[in-house]
Amino acid sequence: MHSSFLSIENLGKRFSRGNILEDVSFSLEKGESLLIQGKSGCGKTTLLRCIALLEAIDRGQIVFNGNVVSKPGCLDRPNSRLEIGMVFQQLYLWSHMTVLENVALPLWLRRDRHKNLADEVAKYQLAQLGIEDKANEYPNQLSGGQRQRAALARALVHSPKLLLLDEITANLDPETAYNVVGIVEKIIEAGTSVIWVTHSDLPSTIWSYILRFENGTWIKDKYH
Ligand SMILES: Nc1ncnc2c1ncn2[C@@H]1O[C@H](COP(=O)(O)OP(=O)(O)OP(=O)(O)O)[C@@H](O)[C@H]1O
Ligand SMILES: [Mg+2]
């Protein structure tokens, strides 16, 4: 039994072209947040996908909420996936479904919730992010910032304990990006741990740590 909320221990990940992540280690306590930066191709998305339990690892282990959830040959997907939300670089909203349907879908798939109740939870989440008026529109009828918020709402419907964000402001103008940072600050203040991958500077007092890929290694520092 481990006490850490999230502990990445000597993680290694290899694709056919070779090792992408080597010996990555860091930990976070509940409510702490982390910014990840590093040059394109250094493995940031791969690291997030490993933590989201979407990708098997080749070495080391991941401990989440006191349990080993990932080690070579073994992923604890069903039990832990619901507690981890992720917003992807490409958003992956279904274009043939309305915003409400996209956001409610993870709850419908759980089958333990009545559809009407799932829709209510989804509507509440859209309202929290200020896009409740877009519920019945399709993703391609939304602006980039509104789509970003729809994807964020979908990741939040499970009330995850850990939220992983992959460059979610990369395609937004500075003002909209600033608003999204404000939304994420509120999520962190409400007690959710956030790991945010970004190339941009995101001025905020909210980050506990920064993890940088420099000279071939990952270095974790206090943010301030
Ligand atoms: N499914 C895969 N199969 C094979 N190689 C992959 C796969 N996914 C990622 N890679 C390789 O792993 C490396 C790291 O990719 P990753 O997407 O994690 O980088 P990144 O740091 O997120 O880059 P960017 O800042 O451009 O988003 C790249 O060389 C990429 O080609
Ligand atoms: Mg990436």
# chains A, B, ... in the order shown; residues from 1 in each chain; ligands from 1
>>> closest_atom_pairs(of="chain A", to="ligand 2", cutoff="12 Å", atoms="only C-alpha atoms and all ligand atoms", output="tab-separated table")
residue	atom	partner	partner_atom_place_in_ligand_line	distance
A:Ile36	CA	ligand 2	1 (Mg)	10.7
A:Gln37	CA	ligand 2	1 (Mg)	10.1
A:Gly38	CA	ligand 2	1 (Mg)	9.6
A:Lys39	CA	ligand 2	1 (Mg)	9.4
A:Ser40	CA	ligand 2	1 (Mg)	6.9
A:Gly41	CA	ligand 2	1 (Mg)	6.9
A:Cys42	CA	ligand 2	1 (Mg)	8.4
A:Gly43	CA	ligand 2	1 (Mg)	7.0
A:Lys44	CA	ligand 2	1 (Mg)	5.5
A:Thr45	CA	ligand 2	1 (Mg)	4.1
A:Thr46	CA	ligand 2	1 (Mg)	7.3
A:Leu47	CA	ligand 2	1 (Mg)	9.2
A:Leu48	CA	ligand 2	1 (Mg)	8.9
A:Arg49	CA	ligand 2	1 (Mg)	9.9
A:Val87	CA	ligand 2	1 (Mg)	11.6
A:Phe88	CA	ligand 2	1 (Mg)	8.7
A:Gln89	CA	ligand 2	1 (Mg)	6.7
A:Gln90	CA	ligand 2	1 (Mg)	9.6
A:Leu165	CA	ligand 2	1 (Mg)	10.3
A:Asp166	CA	ligand 2	1 (Mg)	6.7
A:Glu167	CA	ligand 2	1 (Mg)	7.3
A:Ile168	CA	ligand 2	1 (Mg)	10.4
A:Ala170	CA	ligand 2	1 (Mg)	10.7
A:Trp196	CA	ligand 2	1 (Mg)	11.1
A:Val197	CA	ligand 2	1 (Mg)	7.8
A:Thr198	CA	ligand 2	1 (Mg)	8.7
A:His199	CA	ligand 2	1 (Mg)	9.6
>>> residues_around(residues="region 135-150 of chain A", least_positions_apart="5", cutoff="8 Å", atoms="only C-alpha atoms", output="list in words")
Leu91, Leu93, Trp94, Ser95, His96, Met97, Thr98, Val99, Leu100, Val103, Lys123, Leu126, Leu129, Ile168, Thr169, Asn171, Leu172, Thr176, Ala177 and Val180 of chain A
>>> select_by_dssp(residues="region 63-154 of chain A", states="strand (DSSP E or B)", output="list of chain:residue names")
A:Val63, A:Phe64, A:Asn67, A:Val68, A:Val69, A:Ser70, A:Lys71, A:Cys74, A:Leu75, A:Ile84, A:Gly85, A:Met86, A:Val87
>>> write_last_selection(atoms="N, CA, C and O atoms", output="short mmCIF file (atom, residue, chain, number, x, y, z; two decimals), in the first residue's frame")
data_model
loop_
_atom_site.label_atom_id
_atom_site.label_comp_id
_atom_site.auth_asym_id
_atom_site.auth_seq_id
_atom_site.Cartn_x
_atom_site.Cartn_y
_atom_site.Cartn_z
N VAL A 63 1.35 4.44 -9.42
CA VAL A 63 0.50 4.25 -8.24
C VAL A 63 -0.50 5.41 -8.22
O VAL A 63 -0.12 6.57 -8.36
N PHE A 64 -1.78 5.08 -8.09
CA PHE A 64 -2.82 6.11 -8.04
C PHE A 64 -3.73 5.80 -6.88
O PHE A 64 -4.21 4.66 -6.74
N ASN A 67 -2.96 2.62 -4.92
CA ASN A 67 -2.91 1.30 -5.57
C ASN A 67 -2.02 1.33 -6.80
O ASN A 67 -1.98 2.34 -7.51
N VAL A 68 -1.34 0.22 -7.05
CA VAL A 68 -0.58 0.10 -8.30
C VAL A 68 -1.60 -0.10 -9.42
O VAL A 68 -2.30 -1.11 -9.45
N VAL A 69 -1.72 0.90 -10.31
CA VAL A 69 -2.74 0.81 -11.37
C VAL A 69 -2.15 0.43 -12.71
O VAL A 69 -2.86 0.04 -13.63
N SER A 70 -0.83 0.56 -12.85
CA SER A 70 -0.19 0.18 -14.11
C SER A 70 1.22 -0.32 -13.85
O SER A 70 2.00 0.34 -13.14
N LYS A 71 1.51 -1.48 -14.39
CA LYS A 71 2.89 -2.00 -14.42
C LYS A 71 2.98 -2.86 -15.67
O LYS A 71 1.94 -3.19 -16.26
N CYS A 74 0.12 -5.19 -17.04
CA CYS A 74 -1.04 -5.14 -16.15
C CYS A 74 -1.57 -3.71 -16.00
O CYS A 74 -0.85 -2.82 -15.56
N LEU A 75 -2.82 -3.48 -16.44
CA LEU A 75 -3.45 -2.16 -16.34
C LEU A 75 -4.75 -2.29 -15.55
O LEU A 75 -5.60 -3.11 -15.90
N ILE A 84 -10.03 9.33 -13.45
CA ILE A 84 -9.06 10.13 -14.20
C ILE A 84 -9.74 10.66 -15.46
O ILE A 84 -10.29 9.88 -16.24
N GLY A 85 -9.75 11.99 -15.63
CA GLY A 85 -10.32 12.58 -16.83
C GLY A 85 -9.21 13.11 -17.71
O GLY A 85 -8.16 13.52 -17.21
N MET A 86 -9.42 13.08 -19.03
CA MET A 86 -8.37 13.61 -19.92
C MET A 86 -9.00 14.41 -21.05
O MET A 86 -10.02 14.00 -21.61
N VAL A 87 -8.40 15.55 -21.37
CA VAL A 87 -8.78 16.30 -22.57
C VAL A 87 -7.60 16.23 -23.52
O VAL A 87 -6.48 16.59 -23.16
#
>>> closest_residue(among="A:Pro106, A:Gly130, A:Pro174, A:Gly182", to="Leu156 (chain A)", atoms="only C-alpha atoms")
A:Pro106
>>> closest_residue(among="A:Ile188, A:Ile51, A:Leu21, A:Leu11", to="ligand 1", atoms="only C-alpha atoms and all ligand atoms")
A:Leu21
>>> closest_atom_pairs(of="region 15-58 of chain A", to="region 157-161 of chain A", cutoff="12 Å", atoms="only C-alpha atoms", output="JSON lines")
{"residue": "A:Glu29", "atom": "CA", "partner": "A:Lys161", "partner_atom": "CA", "distance": 11.2}
{"residue": "A:Lys30", "atom": "CA", "partner": "A:Lys161", "partner_atom": "CA", "distance": 8.1}
{"residue": "A:Gly31", "atom": "CA", "partner": "A:Lys161", "partner_atom": "CA", "distance": 8.4}
{"residue": "A:Glu32", "atom": "CA", "partner": "A:Lys161", "partner_atom": "CA", "distance": 10.9}
{"residue": "A:Ser33", "atom": "CA", "partner": "A:Lys161", "partner_atom": "CA", "distance": 11.5}
{"residue": "A:Ala52", "atom": "CA", "partner": "A:Pro160", "partner_atom": "CA", "distance": 11.3}
>>> write_last_selection(atoms="N, CA and C atoms", output="PDB file, in the first residue's frame")
ATOM      1  N   GLU A  29       0.706  14.981  -4.514  1.00  0.00           N
ATOM      2  CA  GLU A  29      -0.277  14.733  -3.462  1.00  0.00           C
ATOM      3  C   GLU A  29      -1.636  15.226  -3.956  1.00  0.00           C
ATOM      4  N   LYS A  30      -2.685  14.784  -3.291  1.00  0.00           N
ATOM      5  CA  LYS A  30      -4.034  15.160  -3.709  1.00  0.00           C
ATOM      6  C   LYS A  30      -4.187  16.681  -3.703  1.00  0.00           C
ATOM      7  N   GLY A  31      -4.752  17.219  -4.759  1.00  0.00           N
ATOM      8  CA  GLY A  31      -4.982  18.659  -4.845  1.00  0.00           C
ATOM      9  C   GLY A  31      -3.806  19.427  -5.446  1.00  0.00           C
ATOM     10  N   GLU A  32      -2.625  18.785  -5.523  1.00  0.00           N
ATOM     11  CA  GLU A  32      -1.478  19.472  -6.145  1.00  0.00           C
ATOM     12  C   GLU A  32      -1.625  19.428  -7.667  1.00  0.00           C
ATOM     13  N   SER A  33      -1.017  20.423  -8.311  1.00  0.00           N
ATOM     14  CA  SER A  33      -1.135  20.481  -9.764  1.00  0.00           C
ATOM     15  C   SER A  33       0.255  20.638 -10.392  1.00  0.00           C
ATOM     16  N   ALA A  52      -3.251   8.137 -17.929  1.00  0.00           N
ATOM     17  CA  ALA A  52      -4.697   7.954 -18.128  1.00  0.00           C
ATOM     18  C   ALA A  52      -5.050   6.478 -18.313  1.00  0.00           C
TER      19      ALA A  52
END
>>> closest_residue(among="A:Val121, A:Ile62, A:Leu105, A:Leu162", to="Arg81 (chain A)", atoms="only C-alpha atoms")
A:Leu162
>>> residues_around(residues="Ser27 (chain A)", least_positions_apart="6", cutoff="7 Å", atoms="only C-alpha atoms", output="list in words")
Leu6, Ser7 and Ile8 of chain A
>>> select_by_dssp(residues="region 81-188 of chain A", states="alpha helix (DSSP H)", output="PyMOL selection string")
chain A and resi 99-110+115-128+144-156+174-188
>>> write_last_selection(atoms="C-alpha atoms", output="mmCIF file, in the first residue's frame")
data_model
loop_
_atom_site.group_PDB
_atom_site.id
_atom_site.type_symbol
_atom_site.label_atom_id
_atom_site.label_comp_id
_atom_site.auth_asym_id
_atom_site.auth_seq_id
_atom_site.Cartn_x
_atom_site.Cartn_y
_atom_site.Cartn_z
ATOM 1 C CA VAL A 99 -22.657 18.981 -27.395
ATOM 2 C CA LEU A 100 -25.017 17.613 -24.725
ATOM 3 C CA GLU A 101 -24.802 14.092 -26.166
ATOM 4 C CA ASN A 102 -20.996 14.288 -26.297
ATOM 5 C CA VAL A 103 -20.804 15.377 -22.669
ATOM 6 C CA ALA A 104 -23.414 12.886 -21.390
ATOM 7 C CA LEU A 105 -21.976 9.948 -23.365
ATOM 8 C CA PRO A 106 -19.457 8.804 -20.695
ATOM 9 C CA LEU A 107 -22.338 8.645 -18.206
ATOM 10 C CA TRP A 108 -24.648 6.790 -20.627
ATOM 11 C CA LEU A 109 -21.885 4.241 -21.208
ATOM 12 C CA ARG A 110 -21.705 3.504 -17.483
ATOM 13 C CA LYS A 115 -30.330 8.653 -19.067
ATOM 14 C CA ASN A 116 -32.349 11.658 -17.812
ATOM 15 C CA LEU A 117 -30.125 11.940 -14.771
ATOM 16 C CA ALA A 118 -27.007 11.687 -16.958
ATOM 17 C CA ASP A 119 -28.363 14.518 -19.131
ATOM 18 C CA GLU A 120 -28.992 16.658 -16.049
ATOM 19 C CA VAL A 121 -25.408 16.131 -14.861
ATOM 20 C CA ALA A 122 -24.125 17.010 -18.341
ATOM 21 C CA LYS A 123 -26.264 20.175 -18.490
ATOM 22 C CA TYR A 124 -25.000 21.233 -15.069
ATOM 23 C CA GLN A 125 -21.413 20.785 -16.235
ATOM 24 C CA LEU A 126 -22.045 22.807 -19.409
ATOM 25 C CA ALA A 127 -23.580 25.581 -17.277
ATOM 26 C CA GLN A 128 -20.532 25.544 -14.975
ATOM 27 C CA GLY A 144 -12.612 26.825 -30.873
ATOM 28 C CA GLY A 145 -12.882 28.047 -27.275
ATOM 29 C CA GLN A 146 -16.428 26.693 -26.925
ATOM 30 C CA ARG A 147 -15.327 23.302 -28.308
ATOM 31 C CA GLN A 148 -12.463 23.296 -25.819
ATOM 32 C CA ARG A 149 -14.938 23.869 -22.996
ATOM 33 C CA ALA A 150 -17.256 21.111 -24.307
ATOM 34 C CA ALA A 151 -14.322 18.649 -24.205
ATOM 35 C CA LEU A 152 -13.468 19.877 -20.701
ATOM 36 C CA ALA A 153 -17.106 19.388 -19.606
ATOM 37 C CA ARG A 154 -17.009 15.804 -20.904
ATOM 38 C CA ALA A 155 -13.833 15.091 -18.915
ATOM 39 C CA LEU A 156 -15.459 16.536 -15.781
ATOM 40 C CA PRO A 174 -4.702 34.826 -25.876
ATOM 41 C CA GLU A 175 -7.941 36.127 -24.337
ATOM 42 C CA THR A 176 -9.848 32.841 -24.752
ATOM 43 C CA ALA A 177 -6.792 30.924 -23.515
ATOM 44 C CA TYR A 178 -6.718 33.187 -20.461
ATOM 45 C CA ASN A 179 -10.385 32.369 -19.779
ATOM 46 C CA VAL A 180 -9.685 28.634 -20.023
ATOM 47 C CA VAL A 181 -6.791 29.038 -17.539
ATOM 48 C CA GLY A 182 -9.300 30.752 -15.202
ATOM 49 C CA ILE A 183 -11.688 27.786 -15.510
ATOM 50 C CA VAL A 184 -8.881 25.332 -14.724
ATOM 51 C CA GLU A 185 -7.827 27.435 -11.715
ATOM 52 C CA LYS A 186 -11.357 27.047 -10.316
ATOM 53 C CA ILE A 187 -11.231 23.280 -10.908
ATOM 54 C CA ILE A 188 -7.941 23.095 -8.969
#
>>> atom_distance(atom1="atom 19 (O, counted along the ligand's line) of ligand 1", atom2="CA of Ser25 (chain A)")
17.4 Å
>>> closest_residue(among="A:Phe213, A:Phe15, A:Tyr92, A:Trp218", to="ligand 1", atoms="only C-alpha atoms and all ligand atoms")
A:Phe15
>>> closest_residue(among="A:Glu9, A:Asp76, A:Glu55, A:Asp133", to="ligand 1", atoms="only C-alpha atoms and all ligand atoms")
A:Glu55
